[in-house]
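Colleague: Pasting a structure here, questions to come.
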Amino acid sequence: MGGLFSISMPCDQVVNQVSQCLGTHGSYIYSLSENLAALQKDMEVLKAKRDDVQRKVCREEFTGRRERLSLVQKEVESLTSQGVFPEVTETILVANVDEMPVQPTIVGQETMLEKVWTHLMKEGVEIVGMYGMGGVGKTTLLTQLNNKFSETCGGFEVVMWVVVSKTTEIHRIQGDIAKKLGFDGEEWDQKNENQRALEIHNVLKRRKFVLLLDDIWEKVNLKAVGVPHPSRQNGCKVAFTTRSRDVCGRMGVDDPFQVHCLEPEEAWVLFKKKVGENTLKGHPDIPNLARKLAGKCCGLPLALNFIGETMACKRTVQEWRTAVNDLSSYASEFSGMEDEILPILKYSYDNLNREEVKSCFLYCSLFPEDYRMEKERLIDYWICEWFLDENQSRERALSQGYEIIGVLVRACLLLEETVNKEQVKMHDVVREMALWISSDLGKDKEKCILQARGGLCEIPRIKNWSGVTRMSLMENEIEMVSGSPECSKLTTLFLQKNVSLIHISGDFFRCIPMLVVLDLSGNSSLRKLPEQVSELVSLRYLDLSWTCIRRLPLGFQELKNLIHLRLDYMKRLKSVSGVSKLSSLRKLQLLESKMSLDMSLMEELQLLEHLQVLNVNIKSSLVVEKLLYAPRLVKCLQIVVIRGHEEEESARVLALPGMDSLRKVIIRKCGVWEIKVERKTLSLNRSPTTHGFPNLSSVHLSSCNGLQDLTWLLLAPNLTSLMVLDSELVEAIISQEKASSVNIIPFKKLESLRLHNLATLESIYWEPLAFPCLKTIHVTECPELRKLPFDSQSVFRVEEFAIKYKEEEWFERVEWDDEATRLRFLPFFKFFGPEWQVTYVR
């Protein structure tokens, strides 16, 4: 029976084990009641510990920061025997996104959200920046991005949101990131910034993360925070919002997204949602008044939301009319404006780091709503108001002014015009903020008087004239300026475009001795100034353009501090005799006025030792020739209008001196056959680095019926705009024969070319050229122009390029060197029908 086995044990051993078992069991039976009580007590302790652990697990799982541990059986037995549970959860890093509350309907941002999201998710895109003015909806847009990660994680393990605000505090940013990563407790709080950065870095370097930074005002040093720099290799992303494009550049983003205000209809939709249908139906006039209120917000979501919510409970038409009046006259008087909107916008102003920049910004508020300010004219005001250093050269002062404009544009406090880059304007709500600041935050509303476009027929009544520093009454219907108010602090007075203005009293001029800027332009009914203009002893800027003044008064010669005199478009001005007495004069403008540059004026202007800029008309080719012998005046010429006369048609050659400062030249109705640069001044065969017109950017030529080419333009290397119109004998823009001895490639900076009514024009240039900057070519009524100077590589910026034409037959006759060139440019031809007109630029 080989399958059986047996165990043998000595009898004494068996008896001993049985006796031991019976003895132990007997003792338990004997102490049963006591043991049950102890067991019950231990059970209560274990249940309490179980409940404590369960609550801790539930609480930490609820926050999403940690998850419960999976313990093996051996660990369970050990913990159970000890009755101690030191760690029951662990930190987790999942793609958990703290979904943030946001309005259910975001009006007008759907397209922008999609663009930013698509760009952010592209491979190789590491940092995305969004900038825009305060209250435009940047935070809302970033919030929507954050919430999209909760819908589509994109493989990211953690998404972190940090509000940075004005003061970038590394310690606080680290704290916000730490909360997301699960770092907390006394030990973490006691670590310094370097130690915190190391711990954050050690976690994030192994994770694919997204960092969202809201409202940054300066560069955030990711390394100092501990955040690994995003790269193609780690696949991480950073997105941020800011009010300044400069900050985008410092963060390494050269193509940021600008968040714009809403379009009018989008703004109206948002405003209606905030006001509510019941309120809008409260009175038949309320919808129209609501439209006006929405319009006053100019598409700024912050204002639309706040004003819409404020008006939601206003059910009477009187309340709505009051609101419209408040926002139209002085917006800070609108309920809550000083608490809810203006301080938020003021952060951008406070962040301007130089006082002169702040002063220049506040000056812009003197202009009415939606006013397009010419950059250079604005800078001239600033120079005369001493915001810019007057002791430096004009070029340096201009550069400083343009730099300040750039700062304000990039800070979204000024808006650059899309079409005309030489103009800027101010958002209406930003303008209200500037006026509020100028009035000492609403405490002194008469410090700066702004009633432009106010429908005034007379000078407004002011309680305290002695406190007024600047006054803008432009674009009203004021007929007379009289009286003798004590205006001892007034430095700027804008009275331009009061077309009914016929009289300014001498007593009024006596009362404003500190005035430095006086703008009377556009007052077409104004025929004279009083002799008491001599009382304006501090005056530095005077603009009389577009007035009907015939002669400057004798007192005019006493303006010894005047540095800028503008007399453009004064069609009745017969004389500026005595202008040489203005010993401080630096800039004189006489464009399109009856008074043109003649021999006597040339002699007088040469006496002005400080003259730096001269813009004039020249009606005689003889005067042009005399300029060759007036180098000081030639050095000052920036804009010149040359217009010929019939009696001078015998002068067939117009000899221009080389002019380093010349920016724009307009030549009209000249009978000349040729324009050339006088060789006494500059030879064509010099090196290309020495040009006759290094700063000339714009040339407009029209009705020059003897001219055959414009080969002299080879000496204008920085030309950006060229217009040639109504000149029947022009055969080529650049003549191959005349240019054969000159090794210069033209039109490297050309952006716009307009050719109109040139019956014999056959060529722009005889071979293909590179046009790195060209945006548009307009061709109308040029039947012989068959070829354009293009090959397949000519135009670089094709996303902005267009060839505009009016006649289908011309388009059909265009010839190409090869099929590749034709296919390259065919999509850029834009047809304009018979209604299209050539725009003449003055």
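By convention here, the chains of the structure tokens are called A, B, ... in the order presented, each chain's residues are numbered starting at 1, and ligands are numbered starting at 1 in the order presented.
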Could you name the residues that touch Arg797 (chain A) at 12 Å or less, counting only C-alpha atoms, but leaving out those on the same chain fewer than 4 positions away, as JSON, numbers by chain?
Modeller: {"A": [751, 770, 771, 772, 773, 774, 775, 776, 793, 801, 802, 828]}
Colleague: Store the residues picked out above in a file with C-alpha atoms, as a PDB file, in the first residue's frame.
Modeller:
```pdb
ATOM      1  CA  GLU A 751       4.467 100.194 -51.448  1.00  0.00           C
ATOM      2  CA  ALA A 770      12.201  92.716 -56.838  1.00  0.00           C
ATOM      3  CA  PHE A 771       9.444  94.515 -54.915  1.00  0.00           C
ATOM      4  CA  PRO A 772       9.931  93.557 -51.250  1.00  0.00           C
ATOM      5  CA  CYS A 773       7.320  96.039 -49.963  1.00  0.00           C
ATOM      6  CA  LEU A 774       4.832  96.455 -52.807  1.00  0.00           C
ATOM      7  CA  LYS A 775       1.160  96.222 -51.787  1.00  0.00           C
ATOM      8  CA  THR A 776      -0.887  97.760 -54.595  1.00  0.00           C
ATOM      9  CA  GLN A 793       9.803  85.908 -57.621  1.00  0.00           C
ATOM     10  CA  PHE A 801      -0.798  92.436 -52.718  1.00  0.00           C
ATOM     11  CA  ALA A 802      -3.318  93.533 -55.369  1.00  0.00           C
ATOM     12  CA  PHE A 828      -4.026  89.224 -57.486  1.00  0.00           C
TER      13      PHE A 828
END
```
Colleague: May I have the residues within 6 Å of Gly129 (chain A) as an NGL selection string, using only C-alpha atoms and disregarding those fewer than 4 positions away in the same chain?
Modeller: :A and (239-241 or 248 or 256)
Colleague: Name the residues of region 218-406 of chain A that come out as alpha helix (DSSP H) in a backbone DSSP run; write them as number ranges by chain.
Modeller: A: 222-225, 245-250, 264-275, 277-280, 286-296, 301-311, 317-329, 337-340, 342-350, 355-363, 375-384, 394-406
Colleague: Would you list the contacts of region 612-626 of chain A as a PDB file with C-alpha atoms, in the first residue's frame, taking every protein, DNA or RNA residue within 8 Å and counting only C-alpha atoms, but skipping same-chain residues closer than 3 positions in sequence?
Modeller:
```
ATOM      1  CA  ARG A 394      14.261 118.269 -34.619  1.00  0.00           C
ATOM      2  CA  ARG A 586      11.947 126.546 -36.565  1.00  0.00           C
ATOM      3  CA  LYS A 587       9.101 125.312 -38.742  1.00  0.00           C
ATOM      4  CA  LEU A 588       7.172 127.250 -41.390  1.00  0.00           C
ATOM      5  CA  GLN A 589       4.406 125.710 -43.494  1.00  0.00           C
ATOM      6  CA  LEU A 590       3.058 127.536 -46.564  1.00  0.00           C
ATOM      7  CA  LEU A 591       1.608 124.702 -48.629  1.00  0.00           C
ATOM      8  CA  GLU A 592      -1.197 125.410 -51.116  1.00  0.00           C
ATOM      9  CA  SER A 593      -1.424 129.044 -49.998  1.00  0.00           C
ATOM     10  CA  MET A 595       1.742 133.084 -50.937  1.00  0.00           C
ATOM     11  CA  SER A 596       4.440 131.023 -52.642  1.00  0.00           C
ATOM     12  CA  LEU A 597       8.208 131.067 -52.506  1.00  0.00           C
ATOM     13  CA  ASP A 598       9.591 133.960 -54.523  1.00  0.00           C
ATOM     14  CA  MET A 599      12.874 135.808 -54.553  1.00  0.00           C
ATOM     15  CA  TYR A 629      22.499 129.002 -54.260  1.00  0.00           C
ATOM     16  CA  ALA A 630      20.524 128.871 -50.993  1.00  0.00           C
ATOM     17  CA  LEU A 633      16.909 126.755 -47.269  1.00  0.00           C
ATOM     18  CA  LYS A 635      18.457 121.836 -46.108  1.00  0.00           C
ATOM     19  CA  CYS A 636      15.089 122.812 -44.562  1.00  0.00           C
ATOM     20  CA  LEU A 637      12.778 121.727 -47.402  1.00  0.00           C
ATOM     21  CA  GLN A 638      10.552 118.767 -46.485  1.00  0.00           C
ATOM     22  CA  ILE A 639       7.454 119.139 -48.665  1.00  0.00           C
ATOM     23  CA  VAL A 640       7.500 121.030 -51.957  1.00  0.00           C
ATOM     24  CA  VAL A 641       4.671 121.698 -54.401  1.00  0.00           C
ATOM     25  CA  ILE A 642       5.972 122.767 -57.823  1.00  0.00           C
ATOM     26  CA  ARG A 643       3.392 124.187 -60.181  1.00  0.00           C
ATOM     27  CA  GLY A 644       4.319 125.611 -63.586  1.00  0.00           C
ATOM     28  CA  HIS A 645       2.977 128.589 -65.520  1.00  0.00           C
ATOM     29  CA  GLU A 648       7.483 129.593 -68.441  1.00  0.00           C
ATOM     30  CA  ALA A 651      11.944 126.431 -69.587  1.00  0.00           C
ATOM     31  CA  LEU A 654      13.510 121.478 -64.292  1.00  0.00           C
ATOM     32  CA  ALA A 655      16.794 121.252 -62.413  1.00  0.00           C
ATOM     33  CA  LEU A 656      16.285 120.072 -58.845  1.00  0.00           C
ATOM     34  CA  PRO A 657      19.012 120.429 -56.249  1.00  0.00           C
TER      35      PRO A 657
END
```
Colleague: At a cut-off of 10 Å, using only C-alpha atoms, what residues contact region 789-791 of chain A? Leave out same-chain residues fewer than 4 positions from it and give the result as a PyMOL selection string.
Modeller: chain A and resi 763-771+795+816-822+824-825
Colleague: For region 371-386 of chain A, please output as a ChimeraX atom specification all residues within 8 Å (counting only C-alpha atoms; exclusion window: fewer than 4 positions along the same chain).
Modeller: /A:360,367,390,397-398,401-402,405,422-426,491,516-517,540-541,563-564
Colleague: As a list in words, please: the residues near Lys560 (chain A) (cut-off 6 Å, only C-alpha atoms, same-chain neighbours under 2 positions excluded).
Modeller: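 After dropping sequence-adjacent residues, the list is Glu558, Leu562, Leu582 and Ser583 of chain A.
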Colleague: Here is a test: counting only C-alpha atoms, which residue of A:Glu784, A:Ser365, A:Leu408, A:Thr547 is nearest to Ser472 (chain A)?
Modeller: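 Going through A:Glu784, A:Ser365, A:Leu408, A:Thr547 one by one, the smallest distance to Ser472 (chain A) is for A:Ser365.
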Colleague: For a test of reading the model, state the distance in Å between CA of Lys296 (chain A) and CA of Met311 (chain A), rounded to one decimal.
Modeller: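 Calculated distance between CA of Lys296 (chain A) and CA of Met311 (chain A) is 13.8 Å.
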Colleague: Mind checking which residues fall within 9 Å of Ile404 (chain A), counting only C-alpha atoms, ignoring those fewer than 4 positions away in the same chain, and posting them as number ranges by chain?
Modeller: A: 356-357, 360-361, 399-400, 408-409
Colleague: Please measure the separation of CA of Val227 (chain A) and CA of Leu204 (chain A), giving the value in Å to one decimal.
Modeller: 6.8 Å
